[in-house]
file input.cif (mmCIF, C-alpha atoms)
data_target
#
loop_
_atom_site.label_atom_id
_atom_site.label_comp_id
_atom_site.auth_asym_id
_atom_site.auth_seq_id
_atom_site.Cartn_x
_atom_site.Cartn_y
_atom_site.Cartn_z
CA MET A 1 0.00 0.00 0.00
CA SER A 2 1.42 3.35 -1.04
CA ASN A 3 1.21 6.52 1.02
CA GLU A 4 1.66 8.76 -1.99
CA PRO A 5 -1.27 11.01 -2.90
CA LEU A 6 -3.62 9.55 -5.46
CA SER A 7 -3.71 11.15 -8.92
CA LEU A 8 -7.03 12.08 -10.53
CA GLU A 9 -6.50 9.40 -13.20
CA ALA A 10 -5.85 6.78 -10.54
CA LEU A 11 -8.93 7.93 -8.66
CA ALA A 12 -11.13 7.58 -11.76
CA LEU A 13 -9.70 4.12 -12.43
CA ALA A 14 -10.28 3.10 -8.82
CA PHE A 15 -13.93 4.18 -9.03
CA ASP A 16 -14.29 2.01 -12.13
CA ARG A 17 -12.82 -0.93 -10.23
CA TRP A 18 -14.54 -0.64 -6.90
CA GLY A 19 -17.53 1.67 -7.45
CA SER A 20 -18.37 4.90 -5.67
CA ASP A 21 -18.87 3.40 -2.20
CA LEU A 22 -15.53 3.89 -0.45
CA ALA A 23 -16.58 1.34 2.19
CA ARG A 24 -16.13 -1.35 -0.45
CA TRP A 25 -12.60 -0.24 -1.27
CA PRO A 26 -9.36 -1.59 0.21
CA VAL A 27 -8.83 0.46 3.38
CA GLY A 28 -5.59 2.16 2.35
CA GLU A 29 -6.89 3.13 -1.08
CA ALA A 30 -10.09 4.47 0.44
CA ARG A 31 -8.08 6.70 2.80
CA ARG A 32 -6.00 8.13 -0.04
CA ALA A 33 -9.12 8.70 -2.14
CA ALA A 34 -10.91 10.44 0.74
CA ALA A 35 -7.92 12.72 1.24
CA LEU A 36 -7.90 13.69 -2.43
CA ILE A 37 -11.67 14.21 -2.56
CA GLU A 38 -11.45 16.51 0.45
CA THR A 39 -8.96 18.80 -1.22
CA SER A 40 -9.73 18.60 -4.94
CA GLU A 41 -12.78 19.94 -6.77
CA ALA A 42 -11.91 17.79 -9.78
CA ALA A 43 -11.80 14.71 -7.56
CA ARG A 44 -15.25 15.57 -6.20
CA ARG A 45 -16.56 15.79 -9.77
CA ILE A 46 -15.13 12.33 -10.50
CA LEU A 47 -16.80 11.04 -7.33
CA ALA A 48 -20.12 12.64 -8.33
CA GLU A 49 -19.94 10.99 -11.73
CA ALA A 50 -19.13 7.58 -10.24
CA HIS A 51 -21.91 8.00 -7.70
CA ALA A 52 -24.37 9.01 -10.45
CA LEU A 53 -23.60 5.83 -12.34
CA ASP A 54 -24.23 3.72 -9.22
CA VAL A 55 -27.52 5.57 -8.61
CA LEU A 56 -28.58 4.85 -12.17
CA LEU A 57 -27.66 1.19 -11.81
CA ASP A 58 -29.70 1.01 -8.61
CA SER A 59 -32.73 2.33 -10.48
CA ASP A 60 -32.78 -0.94 -12.40
CA SER A 61 -34.51 -2.87 -9.65
CA ALA A 62 -35.50 -6.49 -10.09
CA PRO A 63 -39.18 -7.20 -9.47
CA LEU A 64 -39.92 -8.42 -5.96
CA GLY A 65 -40.51 -12.11 -5.59
CA VAL A 66 -38.51 -13.14 -8.62
CA GLY A 67 -36.91 -16.47 -7.88
CA GLY A 68 -39.05 -16.87 -4.78
CA ARG A 69 -41.86 -18.17 -6.96
CA ALA A 70 -39.78 -21.25 -7.65
CA ARG A 71 -39.57 -22.18 -3.95
CA ALA A 72 -42.70 -24.34 -3.80
CA ARG A 73 -41.79 -26.16 -7.02
CA ILE A 74 -38.25 -26.88 -5.82
CA LEU A 75 -39.44 -28.24 -2.47
CA GLU A 76 -42.06 -30.37 -4.21
CA VAL A 77 -39.36 -32.07 -6.27
CA VAL A 78 -37.02 -32.40 -3.28
CA LEU A 79 -39.68 -33.87 -1.01
CA ALA A 80 -40.80 -36.27 -3.75
CA ASN A 81 -37.25 -37.64 -3.73
CA ASP A 82 -36.91 -37.70 0.04
CA PRO A 83 -36.46 -41.39 1.13
CA ALA A 84 -38.95 -41.12 4.01
CA THR A 85 -41.54 -39.38 1.83
CA ARG A 86 -40.96 -41.89 -0.96
CA PHE A 87 -41.48 -44.82 1.43
CA LEU A 88 -44.66 -43.25 2.84
CA GLY A 89 -45.87 -42.56 -0.69
CA TRP A 90 -45.14 -46.15 -1.68
CA LEU A 91 -47.03 -47.48 1.33
CA THR A 92 -50.12 -45.44 0.61
CA ARG A 93 -50.35 -45.44 -3.17
CA GLY A 94 -53.01 -47.33 -5.19
CA PRO A 95 -56.63 -48.25 -4.35
CA PHE A 96 -57.21 -48.70 -0.63
CA LEU A 97 -57.17 -52.51 -0.44
CA LEU A 98 -54.24 -52.84 -2.83
CA ARG A 99 -51.99 -50.38 -1.02
CA PRO A 100 -48.80 -51.99 0.28
CA ALA A 101 -49.74 -50.78 3.76
CA ALA A 102 -53.11 -52.52 3.53
CA LEU A 103 -51.52 -55.66 2.09
CA ALA A 104 -49.01 -55.72 4.91
CA LEU A 105 -51.89 -55.70 7.39
CA ILE A 106 -53.47 -58.87 5.95
CA PRO A 107 -50.95 -61.43 7.35
CA LEU A 108 -50.98 -59.49 10.60
CA LEU A 109 -54.75 -59.79 10.87
CA ILE A 110 -54.63 -63.47 9.88
CA GLY A 111 -52.01 -64.08 12.56
CA LEU A 112 -54.06 -62.30 15.18
CA GLY A 113 -57.20 -64.22 14.22
CA ALA A 114 -55.39 -67.54 14.31
CA GLY A 115 -53.86 -66.69 17.65
CA ILE A 116 -57.21 -65.88 19.19
CA GLY A 117 -58.72 -69.09 17.74
CA VAL A 118 -55.93 -71.30 19.08
CA SER A 119 -56.13 -69.80 22.55
CA GLY A 120 -59.91 -70.53 22.50
CA ILE A 121 -59.27 -74.22 21.65
CA GLY A 122 -56.54 -74.55 24.21
CA HIS A 123 -58.82 -73.46 27.07
CA THR A 124 -59.93 -76.66 28.97
CA ASP A 125 -62.91 -77.33 31.15
CA ASP A 126 -61.69 -78.53 34.62
CA ASP A 127 -64.42 -81.26 35.02
CA LEU A 128 -63.83 -82.62 31.56
CA ALA A 129 -60.10 -82.66 32.19
CA SER A 130 -60.38 -84.78 35.35
CA GLU A 131 -62.63 -87.28 33.54
CA VAL A 132 -60.10 -87.58 30.79
CA HIS A 133 -57.34 -88.14 33.33
CA MET A 134 -59.29 -90.94 35.01
CA LEU A 135 -59.93 -92.66 31.67
CA ALA A 136 -56.21 -92.88 31.23
CA PHE A 137 -56.01 -95.39 34.11
CA ASP A 138 -58.81 -97.69 32.81
CA GLY A 139 -56.48 -99.49 30.47
CA ALA A 140 -53.78 -99.71 33.12
CA GLU A 141 -55.80 -102.03 35.34
CA ASP A 142 -56.49 -104.42 32.40
CA TYR A 143 -52.83 -104.40 31.57
CA ARG A 144 -51.89 -105.29 35.15
CA ASP A 145 -54.44 -108.17 35.24
CA ALA A 146 -53.06 -109.62 32.02
CA GLU A 147 -49.62 -109.75 33.55
CA MET B 1 -24.96 -27.24 3.94
CA GLU B 2 -23.55 -30.28 5.73
CA LEU B 3 -27.12 -31.32 6.56
CA VAL B 4 -28.12 -30.78 2.94
CA GLN B 5 -25.30 -33.10 1.94
CA ARG B 6 -27.10 -35.71 4.03
CA GLN B 7 -30.25 -34.97 2.02
CA ASP B 8 -31.98 -33.16 4.88
CA SER B 9 -34.92 -31.46 3.19
CA ALA B 10 -35.60 -29.13 6.15
CA ALA B 11 -32.05 -27.79 5.98
CA PHE B 12 -32.44 -27.39 2.23
CA ALA B 13 -35.59 -25.31 2.79
CA LEU B 14 -33.55 -22.98 5.03
CA LEU B 15 -30.92 -22.69 2.32
CA LEU B 16 -33.64 -21.76 -0.14
CA ASP B 17 -34.99 -19.08 2.19
CA ARG B 18 -31.58 -17.47 2.41
CA HIS B 19 -30.30 -17.71 -1.15
CA LEU B 20 -33.18 -18.19 -3.58
CA ALA B 21 -34.38 -14.57 -3.83
CA PRO B 22 -30.88 -13.03 -4.31
CA LEU B 23 -30.03 -15.67 -6.91
CA GLY B 24 -33.36 -14.98 -8.62
CA ARG B 25 -32.58 -11.26 -8.82
CA PHE B 26 -29.14 -11.98 -10.24
CA LEU B 27 -30.60 -14.29 -12.87
CA TYR B 28 -33.34 -11.80 -13.67
CA ARG B 29 -30.79 -9.11 -14.36
CA PHE B 30 -28.67 -11.56 -16.25
CA CYS B 31 -31.36 -12.82 -18.60
CA GLY B 32 -33.96 -10.04 -18.43
CA SER B 33 -36.98 -12.23 -17.81
CA ALA B 34 -38.63 -13.07 -14.50
CA ALA B 35 -39.97 -16.34 -15.90
CA ASP B 36 -36.52 -17.41 -17.08
CA ALA B 37 -35.01 -16.33 -13.77
CA ASP B 38 -37.50 -18.48 -11.86
CA GLU B 39 -36.79 -21.52 -14.00
CA LEU B 40 -33.04 -21.06 -13.82
CA ALA B 41 -33.14 -20.57 -10.06
CA GLN B 42 -35.18 -23.73 -9.74
CA GLU B 43 -32.76 -25.66 -11.93
CA SER B 44 -29.78 -24.31 -9.98
CA PHE B 45 -31.13 -25.37 -6.61
CA LEU B 46 -32.20 -28.79 -7.82
CA ARG B 47 -28.69 -29.30 -9.10
CA ILE B 48 -27.36 -28.25 -5.70
CA TRP B 49 -29.66 -30.80 -4.07
CA LYS B 50 -28.64 -33.62 -6.41
CA GLU B 51 -24.93 -32.87 -6.31
CA ALA B 52 -24.67 -31.73 -2.68
CA SER B 53 -22.43 -34.67 -1.79
CA ARG B 54 -19.82 -33.40 -4.26
CA TRP B 55 -19.48 -30.00 -2.57
CA GLN B 56 -16.24 -29.56 -0.66
CA PRO B 57 -16.38 -26.68 1.84
CA ASN B 58 -12.60 -26.29 2.00
CA ARG B 59 -12.38 -25.80 -1.77
CA VAL B 60 -15.20 -23.42 -2.64
CA ARG B 61 -17.76 -21.35 -0.73
CA PHE B 62 -21.37 -22.37 -1.11
CA THR B 63 -22.43 -19.05 -2.66
CA THR B 64 -19.56 -19.23 -5.14
CA TRP B 65 -20.70 -22.68 -6.18
CA LEU B 66 -24.36 -21.65 -6.39
CA TYR B 67 -23.76 -18.55 -8.52
CA ARG B 68 -21.38 -20.45 -10.77
CA ILE B 69 -24.09 -23.01 -11.44
CA GLY B 70 -26.74 -20.33 -11.97
CA ARG B 71 -24.61 -18.29 -14.34
CA ASN B 72 -23.50 -21.34 -16.33
CA LEU B 73 -27.10 -22.48 -16.71
CA ALA B 74 -28.10 -18.98 -17.87
CA ILE B 75 -25.27 -18.88 -20.40
CA ASP B 76 -26.24 -22.34 -21.70
CA ARG B 77 -29.84 -21.25 -22.08
CA HIS B 78 -28.87 -18.08 -23.98
CA ARG B 79 -26.59 -20.10 -26.19
CA ARG B 80 -29.30 -22.62 -27.04
CA ARG B 81 -31.82 -19.84 -27.64
CA ARG B 82 -29.36 -17.97 -29.85
CA GLU B 83 -28.80 -21.11 -31.92
CA LEU B 84 -32.54 -21.50 -32.36
CA THR B 85 -33.54 -17.91 -32.94
CA GLY B 86 -30.36 -16.08 -33.87
CA GLU B 87 -31.02 -13.74 -30.95
CA ALA B 88 -27.70 -12.16 -29.89
CA ILE B 89 -28.61 -10.72 -26.52
CA PRO B 90 -31.88 -11.42 -24.77
CA GLU B 91 -34.21 -8.48 -24.84
CA ALA B 92 -35.08 -7.14 -21.44
CA VAL B 93 -38.65 -8.00 -20.57
CA ASP B 94 -40.30 -6.87 -17.41
CA ASP B 95 -43.13 -9.19 -16.50
CA ALA B 96 -44.51 -6.63 -14.04
CA ASP B 97 -44.38 -3.83 -16.57
CA PRO B 98 -46.74 -0.95 -15.67
CA ALA B 99 -48.76 0.66 -18.44
CA SER B 100 -47.45 4.09 -17.71
CA VAL B 101 -44.42 5.51 -19.45
CA LEU B 102 -43.03 7.57 -16.61
CA GLU B 103 -39.64 9.17 -16.86
CA ALA B 104 -38.26 6.83 -14.21
CA GLU B 105 -39.46 3.84 -16.17
CA ASP B 106 -37.83 5.16 -19.33
CA ARG B 107 -34.60 5.69 -17.43
CA ARG B 108 -34.76 2.21 -15.98
CA ARG B 109 -35.22 0.73 -19.43
CA ARG B 110 -32.26 2.65 -20.80
CA VAL B 111 -30.09 1.48 -17.92
CA ARG B 112 -31.26 -2.08 -18.46
CA ALA B 113 -30.53 -1.87 -22.18
CA ALA B 114 -27.05 -0.51 -21.46
CA ILE B 115 -26.33 -3.33 -18.99
CA ASP B 116 -27.67 -5.92 -21.43
CA GLY B 117 -25.42 -4.44 -24.11
CA LEU B 118 -22.28 -5.29 -22.15
CA PRO B 119 -20.27 -8.37 -23.08
CA GLU B 120 -21.35 -11.30 -20.92
CA ARG B 121 -18.30 -11.43 -18.64
CA GLN B 122 -18.35 -7.68 -17.97
CA ARG B 123 -22.05 -7.91 -17.24
CA SER B 124 -21.56 -10.85 -14.86
CA ALA B 125 -18.79 -9.00 -13.03
CA LEU B 126 -20.96 -5.91 -12.61
CA LEU B 127 -24.04 -7.84 -11.52
CA LEU B 128 -22.12 -9.85 -8.95
CA CYS B 129 -20.26 -6.88 -7.43
CA HIS B 130 -22.71 -4.03 -7.73
CA PHE B 131 -26.09 -5.74 -7.43
CA GLN B 132 -25.34 -8.88 -5.45
CA GLY B 133 -22.81 -7.23 -3.14
CA PHE B 134 -20.05 -9.80 -3.60
CA SER B 135 -16.52 -8.65 -2.91
CA ASN B 136 -14.17 -8.51 -5.88
CA GLN B 137 -12.46 -11.65 -4.57
CA GLU B 138 -15.75 -13.54 -4.29
CA ALA B 139 -16.89 -12.44 -7.75
CA ALA B 140 -13.52 -13.47 -9.18
CA ASP B 141 -13.98 -16.92 -7.62
CA ILE B 142 -17.45 -17.25 -9.15
CA LEU B 143 -16.22 -16.22 -12.59
CA GLU B 144 -13.08 -18.34 -12.12
CA VAL B 145 -10.72 -15.48 -12.96
CA SER B 146 -8.06 -13.60 -11.00
CA VAL B 147 -9.01 -10.50 -9.00
CA ASP B 148 -7.00 -8.37 -11.45
CA ALA B 149 -8.96 -9.80 -14.37
CA LEU B 150 -12.22 -9.22 -12.52
CA GLU B 151 -11.31 -5.60 -11.80
CA SER B 152 -10.38 -5.12 -15.42
CA LEU B 153 -13.83 -6.44 -16.41
CA LEU B 154 -15.46 -4.07 -13.91
CA SER B 155 -13.48 -1.09 -15.18
CA ARG B 156 -14.41 -1.77 -18.77
CA ALA B 157 -18.05 -2.33 -17.83
CA ARG B 158 -18.33 0.93 -15.88
CA ARG B 159 -16.53 2.93 -18.57
CA ALA B 160 -18.82 1.50 -21.25
CA LEU B 161 -21.87 2.34 -19.16
CA LYS B 162 -20.67 5.87 -18.52
CA THR B 163 -20.33 6.31 -22.26
CA SER B 164 -23.67 4.79 -23.23
CA LEU B 165 -25.51 6.57 -20.41
CA ARG B 166 -23.58 9.82 -20.69
CA THR B 167 -26.58 12.16 -20.66
CA LEU B 168 -28.23 10.35 -17.78
CA VAL B 169 -25.03 10.26 -15.73
CA GLU B 170 -24.48 13.98 -16.27
CA GLY B 171 -28.09 14.68 -15.31
CA VAL B 172 -27.82 12.78 -12.04
CA ALA B 173 -24.34 14.09 -11.24
CA SER B 174 -25.42 17.69 -11.63
#
call {"tool": "encode", "arguments": {"input": "input.cif", "output": "structure tokens"}}
result
Amino acid sequence: MSNEPLSLEALALAFDRWGSDLARWPVGEARRAAALIETSEAARRILAEAHALDVLLDSDSAPLGVGGRARARILEVVLANDPATRFLGWLTRGPFLLRPAALALIPLLIGLGAGIGVSGIGHTDDDLASEVHMLAFDGAEDYRDAE
Amino acid sequence: MELVQRQDSAAFALLLDRHLAPLGRFLYRFCGSAADADELAQESFLRIWKEASRWQPNRVRFTTWLYRIGRNLAIDRHRRRRELTGEAIPEAVDDADPASVLEAEDRRRRVRAAIDGLPERQRSALLLCHFQGFSNQEAADILEVSVDALESLLSRARRALKTSLRTLVEGVAS
């Protein structure tokens, strides 16, 4: 960084490079430019011209919302490709009874039904059980007599 | 961005909230059409989403990567359109154009025409630095040129604009 005073030509070139906002300039260059602008009428005219160009550029405003309109469409595509969303979509697609989620429920329901049925069969009546137990010894006496 | 690399859609939505509108404005100024800007912004972000795993934070900033993609897509689109129609530079179209022909509107159109008349690289340099607020270093990274080359592009762009908008510049300066 040089401490020499800036020339008017160098000042004009610097405005072309960095614009009229000295805050965007390298610090040392901005200081030298500010010093020149303070003392030189010609430098102030160069600044005014550079500033006028920036003001004109700023008048070319982009319409509000441009780009933002794409947000919903982008998220739609992204969410459609999201693994969790895709799995959920796969589970729930198609007519109700043919949906994978519904199909997955069928063996579950069959299993539950079978389980309930088996537990009903397995339940024994106490009186009947004792009769059955006694019958088991009927044959045993005959077997002992034969011996 | 690290969450986006893991395909976290909520993190991606946050990224959109922060960067979509500025990118849209850049693309609007670049191609002169709000509809094109919307489509290009959409394409840019979907590419980011698909290729997020390839992004390396220690090599390039996210915004640099995003604007590079957006600009390249815009250039490709102009190139294809030019091949089809012979159109050299896209005409500025304002989708929200008011019916009135106020002086400010006329001035805006002249400024837009002057910007559109710049060679593509000068225009990109100006849009990135002046309108998007990138530093010269950041803009140079996006355009993949040295800072000196970027500043040369900016100088030529501003000088050309001062020439083509001479009467307007003098009017504002006085």
call {"tool": "closest_atom_pairs", "arguments": {"input": "input.cif", "of": "chain A", "to": "chain B", "cutoff": "9 Å", "atoms": "only C-alpha atoms", "output": "CSV"}}
result
residue,atom,partner,partner_atom,distance
A:Leu13,CA,B:Ser155,CA,7.0
A:Ala14,CA,B:Ser155,CA,8.3
A:Phe15,CA,B:Ser155,CA,8.1
A:Asp16,CA,B:Ser155,CA,4.4
A:Arg17,CA,B:Ser155,CA,5.0
A:Trp18,CA,B:Glu151,CA,7.7
A:Gly19,CA,B:His130,CA,7.7
A:Arg24,CA,B:Ser135,CA,7.7
A:Arg45,CA,B:Ala173,CA,8.1
A:Ala48,CA,B:Ala173,CA,5.3
A:Glu49,CA,B:Ala173,CA,5.4
A:Ala50,CA,B:Ala173,CA,8.4
A:His51,CA,B:Ala173,CA,7.5
A:Ala52,CA,B:Ala173,CA,5.1
A:Leu53,CA,B:Val169,CA,5.8
A:Asp54,CA,B:His130,CA,8.0
A:Val55,CA,B:Val172,CA,8.0
A:Leu56,CA,B:Val111,CA,6.8
A:Leu57,CA,B:Val111,CA,6.6
A:Asp58,CA,B:Phe131,CA,7.7
A:Ser59,CA,B:Arg108,CA,5.9
A:Asp60,CA,B:Arg108,CA,5.2
A:Ser61,CA,B:Arg108,CA,8.1
A:Ala62,CA,B:Arg25,CA,5.7
A:Pro63,CA,B:Ala96,CA,7.0
A:Leu64,CA,B:Arg25,CA,8.4
A:Gly65,CA,B:Ala21,CA,6.8
A:Val66,CA,B:Gly24,CA,5.5
A:Gly67,CA,B:Gly24,CA,3.9
A:Gly68,CA,B:Ala21,CA,5.3
A:Arg69,CA,B:Asp38,CA,6.6
A:Ala70,CA,B:Asp38,CA,5.5
A:Arg71,CA,B:Leu16,CA,7.1
A:Arg73,CA,B:Gln42,CA,7.5
A:Ile74,CA,B:Gln42,CA,5.9
A:Leu75,CA,B:Ala13,CA,7.1
A:Val77,CA,B:Leu46,CA,8.0
A:Val78,CA,B:Ser9,CA,6.9
A:Leu79,CA,B:Ser9,CA,6.8
A:Asp82,CA,B:Ser9,CA,7.3
A:Pro83,CA,B:Gln7,CA,9.0
call {"tool": "atom_distance", "arguments": {"input": "input.cif", "atom1": "atom CA of Leu118 of chain B", "atom2": "atom CA of Arg82 of chain B"}}
result
16.4 Å
call {"tool": "resolve_selection", "arguments": {"input": "input.cif", "expression": "the PyMOL selection byres ((chain A and resi 29) around 10)", "output": "list of chain:residue names"}}
result
A:Met1, A:Ser2, A:Asn3, A:Pro5, A:Leu6, A:Leu11, A:Ala14, A:Leu22, A:Trp25, A:Pro26, A:Val27, A:Gly28, A:Ala30, A:Arg31, A:Arg32, A:Ala33, A:Ala34, A:Ala35
call {"tool": "atom_distance", "arguments": {"input": "input.cif", "atom1": "atom CA of Leu8 of chain A", "atom2": "atom CA of Ser20 of chain A"}}
result
14.3 Å
call {"tool": "resolve_selection", "arguments": {"input": "input.cif", "expression": "the PyMOL selection byres ((chain B and resi 64-68) around 9)", "output": "list in words"}}
result
His19, Leu23, Phe26, Ser44, Phe45, Ile48, Trp55, Val60, Arg61, Phe62, Thr63, Ile69, Gly70, Arg71, Asn72, Leu73, Leu128, Glu138, Ala139, Asp141, Ile142, Leu143 and Glu144 of chain B
call {"tool": "atom_distance", "arguments": {"input": "input.cif", "atom1": "atom CA of Pro119 of chain B", "atom2": "atom CA of Ala160 of chain B"}}
result
10.1 Å
call {"tool": "closest_residue", "arguments": {"input": "input.cif", "among": "B:Glu2, B:Ser164, B:Arg123, B:Val145", "to": "Pro57 of chain B", "atoms": "only C-alpha atoms"}}
result
B:Glu2
call {"tool": "decode", "arguments": {"input": "input.cif", "residues": "segment 3-37 of chain B", "atoms": "C-alpha atoms", "output": "PDB file, in the first residue's frame"}}
result
ATOM      1  CA  LEU B   3     -27.118 -31.323   6.558  1.00  0.00           C
ATOM      2  CA  VAL B   4     -28.121 -30.775   2.941  1.00  0.00           C
ATOM      3  CA  GLN B   5     -25.300 -33.099   1.941  1.00  0.00           C
ATOM      4  CA  ARG B   6     -27.099 -35.714   4.029  1.00  0.00           C
ATOM      5  CA  GLN B   7     -30.254 -34.971   2.020  1.00  0.00           C
ATOM      6  CA  ASP B   8     -31.983 -33.161   4.881  1.00  0.00           C
ATOM      7  CA  SER B   9     -34.923 -31.460   3.187  1.00  0.00           C
ATOM      8  CA  ALA B  10     -35.602 -29.129   6.149  1.00  0.00           C
ATOM      9  CA  ALA B  11     -32.047 -27.786   5.977  1.00  0.00           C
ATOM     10  CA  PHE B  12     -32.444 -27.390   2.231  1.00  0.00           C
ATOM     11  CA  ALA B  13     -35.586 -25.313   2.792  1.00  0.00           C
ATOM     12  CA  LEU B  14     -33.546 -22.977   5.031  1.00  0.00           C
ATOM     13  CA  LEU B  15     -30.921 -22.693   2.321  1.00  0.00           C
ATOM     14  CA  LEU B  16     -33.644 -21.763  -0.141  1.00  0.00           C
ATOM     15  CA  ASP B  17     -34.992 -19.082   2.189  1.00  0.00           C
ATOM     16  CA  ARG B  18     -31.584 -17.475   2.413  1.00  0.00           C
ATOM     17  CA  HIS B  19     -30.301 -17.710  -1.151  1.00  0.00           C
ATOM     18  CA  LEU B  20     -33.177 -18.191  -3.582  1.00  0.00           C
ATOM     19  CA  ALA B  21     -34.377 -14.569  -3.835  1.00  0.00           C
ATOM     20  CA  PRO B  22     -30.879 -13.034  -4.312  1.00  0.00           C
ATOM     21  CA  LEU B  23     -30.030 -15.669  -6.907  1.00  0.00           C
ATOM     22  CA  GLY B  24     -33.364 -14.984  -8.625  1.00  0.00           C
ATOM     23  CA  ARG B  25     -32.585 -11.262  -8.817  1.00  0.00           C
ATOM     24  CA  PHE B  26     -29.136 -11.983 -10.237  1.00  0.00           C
ATOM     25  CA  LEU B  27     -30.598 -14.294 -12.869  1.00  0.00           C
ATOM     26  CA  TYR B  28     -33.343 -11.800 -13.668  1.00  0.00           C
ATOM     27  CA  ARG B  29     -30.785  -9.107 -14.356  1.00  0.00           C
ATOM     28  CA  PHE B  30     -28.666 -11.557 -16.246  1.00  0.00           C
ATOM     29  CA  CYS B  31     -31.362 -12.815 -18.604  1.00  0.00           C
ATOM     30  CA  GLY B  32     -33.958 -10.038 -18.433  1.00  0.00           C
ATOM     31  CA  SER B  33     -36.980 -12.233 -17.809  1.00  0.00           C
ATOM     32  CA  ALA B  34     -38.626 -13.072 -14.503  1.00  0.00           C
ATOM     33  CA  ALA B  35     -39.974 -16.341 -15.896  1.00  0.00           C
ATOM     34  CA  ASP B  36     -36.517 -17.414 -17.083  1.00  0.00           C
ATOM     35  CA  ALA B  37     -35.014 -16.329 -13.770  1.00  0.00           C
TER      36      ALA B  37
END
